[in-house]
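**Q** Here it is, the structure, as structure tokens.
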Amino acid sequence: EDPFHPGRIAERIALDNMAVATSGGYGTLFDAAGRFNHILDPATGTTSARYASVSVIAPTATVADGLSTAFSLMPLEATRIVAEQLKVRAHFALPDGGRVIQGKVPV
């Protein structure tokens, strides 16, 4: 889903024996203005606004879900290292509307 236009498709991802999970603060908001969401940063106690959304493609749904949430709190360079080590691919929707893809999935 497009985090900037809920209900619209941002990107289609073809999967073969893999799983995808997406985390984004737009999913569950704690205030009408959208300043506070359900992705909480344990280091600061505040909600995450680093990315509009993060989707991870991984061998299992559990790994994809855990990493999409964790990546929502991490700087891009740190996520790149983890994505490469674990052989997953991460799609980031940036707050300015830009997009970044890191890592790759095994063929």
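Residue numbering restarts at 1 in every chain; chains get A, B, ... in the order shown in the structure tokens, and ligands count up from 1 in that same order.
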Neighbouring residues of range 54-58 of chain A were defined as those with any atom within 8 Å, considering only C-alpha atoms; residues of the same chain fewer than 4 positions away were excluded. Please report them as an MDAnalysis selection string.
**A** chainID A and resid 18:24 63:65 67:69 71:72 87:93 105
**Q** Got a sec: who's within 9 Å of Phe4 in chain A, counting only C-alpha atoms, leaving out chain neighbours fewer than 3 positions off, as a ChimeraX atom specification?
**A** /A:1,8,10,26,52,95,97
**Q** Those residues with all heavy atoms, as a tab-separated table (two decimals), in the first residue's frame please?
**A**
```tsv
chain	number	residue	atom	x	y	z
A	1	GLU	N	0.84	-1.18	0.00
A	1	GLU	CA	0.00	0.00	0.00
A	1	GLU	C	0.89	1.25	0.00
A	1	GLU	O	1.94	1.27	0.61
A	1	GLU	CB	-0.90	0.00	1.24
A	1	GLU	CG	-1.85	1.17	1.27
A	1	GLU	CD	-2.86	1.07	2.40
A	1	GLU	OE1	-2.42	0.99	3.57
A	1	GLU	OE2	-4.04	1.07	2.10
A	8	ARG	N	-4.23	2.89	-2.30
A	8	ARG	CA	-3.55	2.75	-3.60
A	8	ARG	C	-2.36	1.81	-3.46
A	8	ARG	O	-1.75	1.70	-2.40
A	8	ARG	CB	-3.03	4.10	-4.09
A	8	ARG	CG	-4.09	5.05	-4.51
A	8	ARG	CD	-3.44	6.26	-5.14
A	8	ARG	NE	-4.40	7.32	-5.38
A	8	ARG	CZ	-4.07	8.54	-5.73
A	8	ARG	NH1	-2.79	8.85	-5.89
A	8	ARG	NH2	-5.00	9.44	-5.93
A	10	ALA	N	1.40	1.01	-4.07
A	10	ALA	CA	2.65	1.73	-4.32
A	10	ALA	C	3.55	0.94	-5.25
A	10	ALA	O	4.21	1.50	-6.12
A	10	ALA	CB	3.37	1.99	-3.01
A	26	TYR	N	1.74	4.90	9.39
A	26	TYR	CA	0.43	5.31	8.91
A	26	TYR	C	-0.65	4.28	9.24
A	26	TYR	O	-1.84	4.57	9.22
A	26	TYR	CB	0.47	5.55	7.39
A	26	TYR	CG	0.75	4.30	6.58
A	26	TYR	CD1	-0.29	3.54	6.06
A	26	TYR	CD2	2.05	3.88	6.36
A	26	TYR	CE1	-0.03	2.39	5.35
A	26	TYR	CE2	2.32	2.74	5.65
A	26	TYR	CZ	1.28	1.99	5.14
A	26	TYR	OH	1.53	0.85	4.44
A	52	ALA	N	8.34	6.47	5.78
A	52	ALA	CA	6.88	6.38	5.66
A	52	ALA	C	6.44	4.92	5.76
A	52	ALA	O	5.42	4.61	6.36
A	52	ALA	CB	6.43	6.99	4.34
A	95	PRO	N	10.08	9.78	3.83
A	95	PRO	CA	9.09	10.83	4.11
A	95	PRO	C	8.95	11.86	3.00
A	95	PRO	O	7.88	12.44	2.82
A	95	PRO	CB	9.61	11.48	5.39
A	95	PRO	CG	10.43	10.44	6.05
A	95	PRO	CD	11.06	9.66	4.91
A	97	GLY	N	8.95	11.23	-0.11
A	97	GLY	CA	8.37	10.57	-1.29
A	97	GLY	C	9.36	9.73	-2.07
A	97	GLY	O	8.97	8.99	-2.96
```
**Q** Looking at A:Gln102, A:Met74, A:Ser53, A:Val82, which one is nearest to His5 in chain A, with distances taken over only C-alpha atoms?
**A**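 Nearest to His5 in chain A: A:Ser53.
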**Q** I need the residues in chain A that are alpha helix (DSSP H) according to DSSP; give them as a list of chain:residue names.
**A**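 Answer for chain A restricted to alpha helix (DSSP H) is A:Ala61, A:Thr62, A:Val63, A:Ala64, A:Asp65, A:Gly66, A:Leu67, A:Ser68, A:Thr69, A:Ala70, A:Phe71, A:Leu76, A:Glu77, A:Ala78, A:Thr79, A:Arg80, A:Ile81, A:Val82, A:Ala83, A:Glu84, A:Gln85, A:Leu86.
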**Q** Just asking: which residues within chain A are strand (DSSP E) according to DSSP, as a VMD selection string?
**A** chain A and resid 19 to 23 53 to 58 89 to 93 99 to 103
**Q** Just checking: using only C-alpha atoms, which residue out of A:Ile101, A:Leu94, A:Ala33, A:Ile13 ends up closest to Tyr51 in chain A?
**A** A:Leu94
**Q** Using only C-alpha atoms, which residues sit within 8 Å of Gly25 in chain A once same-chain residues fewer than 5 positions away are excluded, as a ChimeraX atom specification?
**A** /A:36-39,48-49,52-53
**Q** Would you please work out which residue, of A:Ala32, A:Val100, A:Leu73, A:Leu86, is nearest to Thr44 in chain A when using only C-alpha atoms?
**A**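 For Thr44 in chain A, the nearest of the given residues is A:Leu73.
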